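The structure under discussion appears below in the form of structure tokens.
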Amino acid sequence: MTVTASDHFDYIVVGAGSAGCVLADRLSACGKYRVLVLEAGGSDLSFWIRMPIGYGKIYYDARFNWKYLSEPEDALGGKPSYWPRGKVLGGSSSINALVYARGHPGDFDDWAADGATGWGWDSVAPYFKRMEDWAGGADERRGTGGPLPVADIRGEVHSLCDTYLQAAREAHLPVTEDYNGVQAEGASIYQITMKDGLRASTARCYLKPAMKRANVKVLTRAHATRIVMEDGRAVGVEFARGGRTQMARARREVIVSGGSVNSPQLLQLSGIGPGEVLQPLGIEVRRHAPSVGRNLQDHLGLDMHYRASVPTLNQILRPWWGKLRAGLQFLLLRRGPLTLSVNQGGGFVRTRQELTRPNLQLYFSPVSYTRSPPGKRPMMSPDPFPGFLLGFSSCRPTSRGSIHIRSADPFAAPSIRPNYLSTREDRAAMLEGARFLRRLAATPAMRSVIESEIAPGSHAESDEDMRAHIRDNAWTVFHASCTCRMGTDPETSAVDPRLRVHGVEGLRVVDASVFPSVTSGNTNAPTIMVAERAADLILEDAR
């Protein structure tokens with residue numbers, strides 16, 4: 001399938017990820033507009049994508065994954081950080097760990113206060129309700145009947161999750177049944193984007209229905225190389241497909257939804273970005289936009305590993321007969337551990353009472369992998385002994401990084417510099433989080449199931465010991481965002497509050513890159529919300 005000179009599109013969406021799939025559906029639903037979606041990756045018809053726990057299998061799979069590496073990070077002992085990003089229909093919603101977290105209402109009020117007018121909690125809450133089909137039923141905060149299934153897995157998780165919740169109570173933490181509802185704070189069981197035992201990506205929930213419409217065209221293996229501009233207006237997209245360079249034209253708008261890595265990359269390749277970055281690469285500066293690629297934010301996570309005195313998921317997923325049983329449960333019944341994420345417990349908590357909102361996101365996995373790299377989850381090959389993981393990430397990091405192209409080659413990976421732990425506040429927060437996990441592990445409930453602490457180990461007591469553990473084991477939680485942030489000032493933001501690129505007509509960015517600041521938790525749900533609201537703004541402007 002190719003794009004010919006006779007093809008006319010109203011909107012071109014670059015990237016069929018968490019945001020792009022939503023836009024394809026919402027912009028085409030009225031039937032008035034023709035929408036072209038360009039996706040650099042291929043189909044999501046993979047067993048490992050459909051099976052929720054299968055994301056461990058595609059962690060390093062180049063068929064579905066950009067497999068980015070950051071520049072060496074001083075705070076991580078001079079090592080690069082591995083950044084898997086979805087290169088497939090559904091984008092990272094097809095390869096993520098499925099956890100559904102809206103973020104704290106205060107996150108969005110912060111956005112509005114920081115120049116993203118109209119993006120406060122009261123404005124975005126209706127979009128969260130509209131997009132979700134929450135298994136727990138509708139109420140003042142939650143929605144049902146939306147395109148995105150959100151599963152309540154409290155009755156399906158490993159029994160050790162009850163121990164985790166009891167430990168939270170003993171540590172004087174609140175426990176909440178719905179962290180996306182009225183009580184956002186507290187330890188909880190995670191909700192996941194899953195239905196009937198299968199992953200609910202935006203490709204499955206939004207794009208597939210849209211592709212049945214005659215006014216929607218989706219091209220896979222179509223790598224966008226440049227936004228075509230005429231007289232200061234975006235009029236089309238140049239892309240490579242099947243060894244050929246093609247161009248598609250948009251009568252109304254080009255919408256970049258490549259994600260927090262690829263969106264700033266494409267803008268910069270098109271001459272929209274910091275002049276001091278583009279000019280040495282021989283790229284004509286079409287619009288000097290100093291903030292494009294800057295303000296990168298991400299959550300940094302840390303795990304502690306424990307050997308358990310009771311059976312864990314290790315005893316189910318490690319032996320061949322356990323794998324066989326779990327596999328048959330999945331294939332025949334769409335039930336069992338393969339239909340879940342390994343991050344079964346968690347929540348959002350305050351480490352100190354004087355704080356006004358949660359500062360840590362917790363992770364409890366009733367399974368352990370002591371021989372894998374930090375952040376890696378070889379789901380079907382856990383430790384041969386009973387074990388589990390306790391982890392956390394700091395909700396609001398203050399370190400800021402950047403994503404800039406290193407050449408004019410559109411197929412070359414950009415330079416990713418997260419600058420993890422580059423501020424005193426972030427270093428203190430990681431140390432405080434590590435101490436907090438120790439406090440949780442010391443509760444009677446946890447002590448009753450812990451045989452020993454494997455890592456960092458009981459010998460690690462001093463702050464210096466903990467800093468060494470953080471340096472050697474901290475890992476990205478894969479929440480890169482904010483590299484095309486929205487705001488009113490073109491010097492400090494890439495897009496305005498209607499997500500239009502400052503100074504360029506007919507061009508918007510819609511994905512996690514437009515966040516003014518990273519939300520408190522997982523970023524897939526707020527990215528979908530941004531796309532839902534963006535579709536309304538785009539259609540409103542069209543009228």
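Every chain in the structure tokens has a letter given in the order shown (A, B, ...), and although residue numbers restart at 1 in each chain, ligands are simply numbered from 1 in the order shown.
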
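When the distance limit is 7 Å and only C-alpha atoms are what count, the residues near A:Ser402, minus those fewer than 6 positions from it on the same chain, are A:Gly293, A:Arg294, A:Asn295, A:Leu296, A:Ile416, A:Arg417, A:Pro418.
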
Can you list, as a compact mmCIF listing (two decimals) with C-alpha atoms, in the first residue's frame, every residue of stretch 322-514 of chain A that DSSP puts in alpha helix (DSSP H)?
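File written: result.txt
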```
# COMPACT_ATOMS: atom_id res chain seq x y z
CA GLY A 322 4.35 -24.78 36.60
CA LYS A 323 4.95 -23.13 33.24
CA LEU A 324 2.75 -25.78 31.61
CA ARG A 325 -0.06 -25.26 34.09
CA ALA A 326 0.08 -21.46 33.79
CA GLY A 327 0.20 -21.76 30.02
CA LEU A 328 -2.88 -24.00 29.92
CA ARG A 424 20.46 17.22 45.69
CA GLU A 425 16.69 16.78 46.13
CA ASP A 426 16.58 13.69 43.92
CA ARG A 427 19.56 12.08 45.60
CA ALA A 428 17.98 12.66 49.00
CA ALA A 429 14.64 11.29 47.78
CA MET A 430 16.21 8.05 46.56
CA LEU A 431 18.00 7.53 49.85
CA GLU A 432 14.80 8.27 51.76
CA GLY A 433 12.90 5.80 49.56
CA ALA A 434 15.44 3.05 50.16
CA ARG A 435 15.22 3.60 53.92
CA PHE A 436 11.43 3.54 53.65
CA LEU A 437 11.51 0.09 52.00
CA ARG A 438 13.60 -1.16 54.91
CA ARG A 439 10.98 0.21 57.28
CA LEU A 440 8.26 -1.63 55.38
CA ALA A 441 10.26 -4.86 55.37
CA PRO A 444 5.75 -7.98 61.59
CA ALA A 445 3.80 -9.00 58.46
CA MET A 446 6.86 -8.78 56.23
CA ARG A 447 9.22 -10.30 58.77
CA ASP A 463 24.11 5.92 53.78
CA GLU A 464 27.17 5.23 51.67
CA ASP A 465 26.17 1.56 51.36
CA MET A 466 22.71 2.59 50.22
CA ARG A 467 24.08 5.12 47.73
CA ALA A 468 26.22 2.36 46.25
CA HIS A 469 23.16 0.13 45.90
CA ILE A 470 21.30 2.98 44.20
CA ARG A 471 24.21 3.69 41.86
CA ASP A 472 24.55 0.06 40.82
CA ASN A 473 20.87 -0.92 40.66
```

In stretch 97-207 of chain A, DSSP strand (DSSP E) residues written as an mmCIF file with N, CA and C atoms, in the first residue's frame:
```
data_model
loop_
_atom_site.group_PDB
_atom_site.id
_atom_site.type_symbol
_atom_site.label_atom_id
_atom_site.label_comp_id
_atom_site.auth_asym_id
_atom_site.auth_seq_id
_atom_site.Cartn_x
_atom_site.Cartn_y
_atom_site.Cartn_z
ATOM 1 N N GLU A 132 -12.289 5.409 29.961
ATOM 2 C CA GLU A 132 -12.100 4.134 30.649
ATOM 3 C C GLU A 132 -13.380 3.318 30.766
ATOM 4 N N ASP A 133 -13.163 2.020 30.807
ATOM 5 C CA ASP A 133 -14.234 1.077 31.133
ATOM 6 C C ASP A 133 -13.776 0.318 32.372
ATOM 7 N N TRP A 134 -14.010 0.938 33.516
ATOM 8 C CA TRP A 134 -13.497 0.448 34.790
ATOM 9 C C TRP A 134 -14.345 -0.712 35.296
ATOM 10 N N LEU A 148 -11.275 1.956 26.719
ATOM 11 C CA LEU A 148 -10.126 1.329 27.368
ATOM 12 C C LEU A 148 -10.538 0.504 28.579
ATOM 13 N N PRO A 149 -10.479 -0.824 28.508
ATOM 14 C CA PRO A 149 -10.806 -1.644 29.683
ATOM 15 C C PRO A 149 -9.746 -1.489 30.771
ATOM 16 N N VAL A 150 -10.198 -1.329 31.997
ATOM 17 C CA VAL A 150 -9.308 -1.265 33.155
ATOM 18 C C VAL A 150 -9.774 -2.341 34.128
ATOM 19 N N ALA A 151 -8.909 -3.336 34.356
ATOM 20 C CA ALA A 151 -9.293 -4.508 35.135
ATOM 21 C C ALA A 151 -8.975 -4.328 36.612
ATOM 22 N N ASP A 152 -9.886 -4.807 37.443
ATOM 23 C CA ASP A 152 -9.687 -4.892 38.891
ATOM 24 C C ASP A 152 -9.212 -6.316 39.185
ATOM 25 N N GLY A 186 -2.320 5.778 49.198
ATOM 26 C CA GLY A 186 -2.360 4.537 49.949
ATOM 27 C C GLY A 186 -1.765 3.366 49.206
ATOM 28 N N ALA A 187 -1.393 2.342 49.967
ATOM 29 C CA ALA A 187 -0.978 1.077 49.370
ATOM 30 C C ALA A 187 -2.199 0.426 48.727
ATOM 31 N N SER A 188 -1.961 -0.316 47.652
ATOM 32 C CA SER A 188 -3.093 -0.831 46.904
ATOM 33 C C SER A 188 -2.666 -1.996 46.028
ATOM 34 N N ILE A 189 -3.646 -2.621 45.403
ATOM 35 C CA ILE A 189 -3.401 -3.580 44.330
ATOM 36 C C ILE A 189 -3.560 -2.812 43.022
ATOM 37 N N GLN A 191 -4.327 -1.679 39.216
ATOM 38 C CA GLN A 191 -5.291 -1.910 38.147
ATOM 39 C C GLN A 191 -4.518 -1.963 36.832
ATOM 40 N N ILE A 192 -4.968 -2.799 35.903
ATOM 41 C CA ILE A 192 -4.211 -2.967 34.666
ATOM 42 C C ILE A 192 -5.133 -2.882 33.446
ATOM 43 N N MET A 194 -6.338 -4.544 30.794
ATOM 44 C CA MET A 194 -6.494 -5.929 30.368
ATOM 45 C C MET A 194 -7.980 -6.259 30.309
ATOM 46 N N LYS A 195 -8.346 -7.082 29.334
ATOM 47 C CA LYS A 195 -9.718 -7.563 29.264
ATOM 48 C C LYS A 195 -9.717 -8.989 28.735
ATOM 49 N N LEU A 198 -6.387 -10.632 28.039
ATOM 50 C CA LEU A 198 -5.516 -10.120 26.987
ATOM 51 C C LEU A 198 -5.186 -8.647 27.217
ATOM 52 N N ARG A 199 -4.000 -8.249 26.781
ATOM 53 C CA ARG A 199 -3.567 -6.853 26.881
ATOM 54 C C ARG A 199 -4.558 -5.940 26.156
#
```

With 8 Å as the cut-off and only C-alpha atoms counted, what is the closest atom pair between each nearby residue of stretch 315-396 of chain A and stretch 162-184 of chain A? Distances in Å to one decimal, ordered by chain and number, as JSON lines.
```
{"residue": "A:Gly345", "atom": "CA", "partner": "A:Tyr164", "partner_atom": "CA", "distance": 7.5}
{"residue": "A:Gly347", "atom": "CA", "partner": "A:Tyr179", "partner_atom": "CA", "distance": 6.9}
{"residue": "A:Phe348", "atom": "CA", "partner": "A:Ala184", "partner_atom": "CA", "distance": 7.3}
{"residue": "A:Val349", "atom": "CA", "partner": "A:Leu173", "partner_atom": "CA", "distance": 7.2}
{"residue": "A:Phe364", "atom": "CA", "partner": "A:Tyr164", "partner_atom": "CA", "distance": 7.4}
```

Residues of the last selection are to be written out with C-alpha atoms, as a PDB file, in the first residue's frame.
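Below you can see result.pdb, which holds the result:
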```
ATOM      1  CA  GLY A 345       0.871  -4.488  44.519  1.00  0.00           C
ATOM      2  CA  GLY A 347       0.355   2.425  45.471  1.00  0.00           C
ATOM      3  CA  PHE A 348       1.246   6.013  46.279  1.00  0.00           C
ATOM      4  CA  VAL A 349       2.367   6.973  49.775  1.00  0.00           C
ATOM      5  CA  PHE A 364       5.380  -5.139  45.155  1.00  0.00           C
TER       6      PHE A 364
END
```

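If you measure from each of A:Gly301, A:Pro337, A:Gly457, A:Pro516 to A:Met486 using only C-alpha atoms, the closest one turns out to be A:Pro516.
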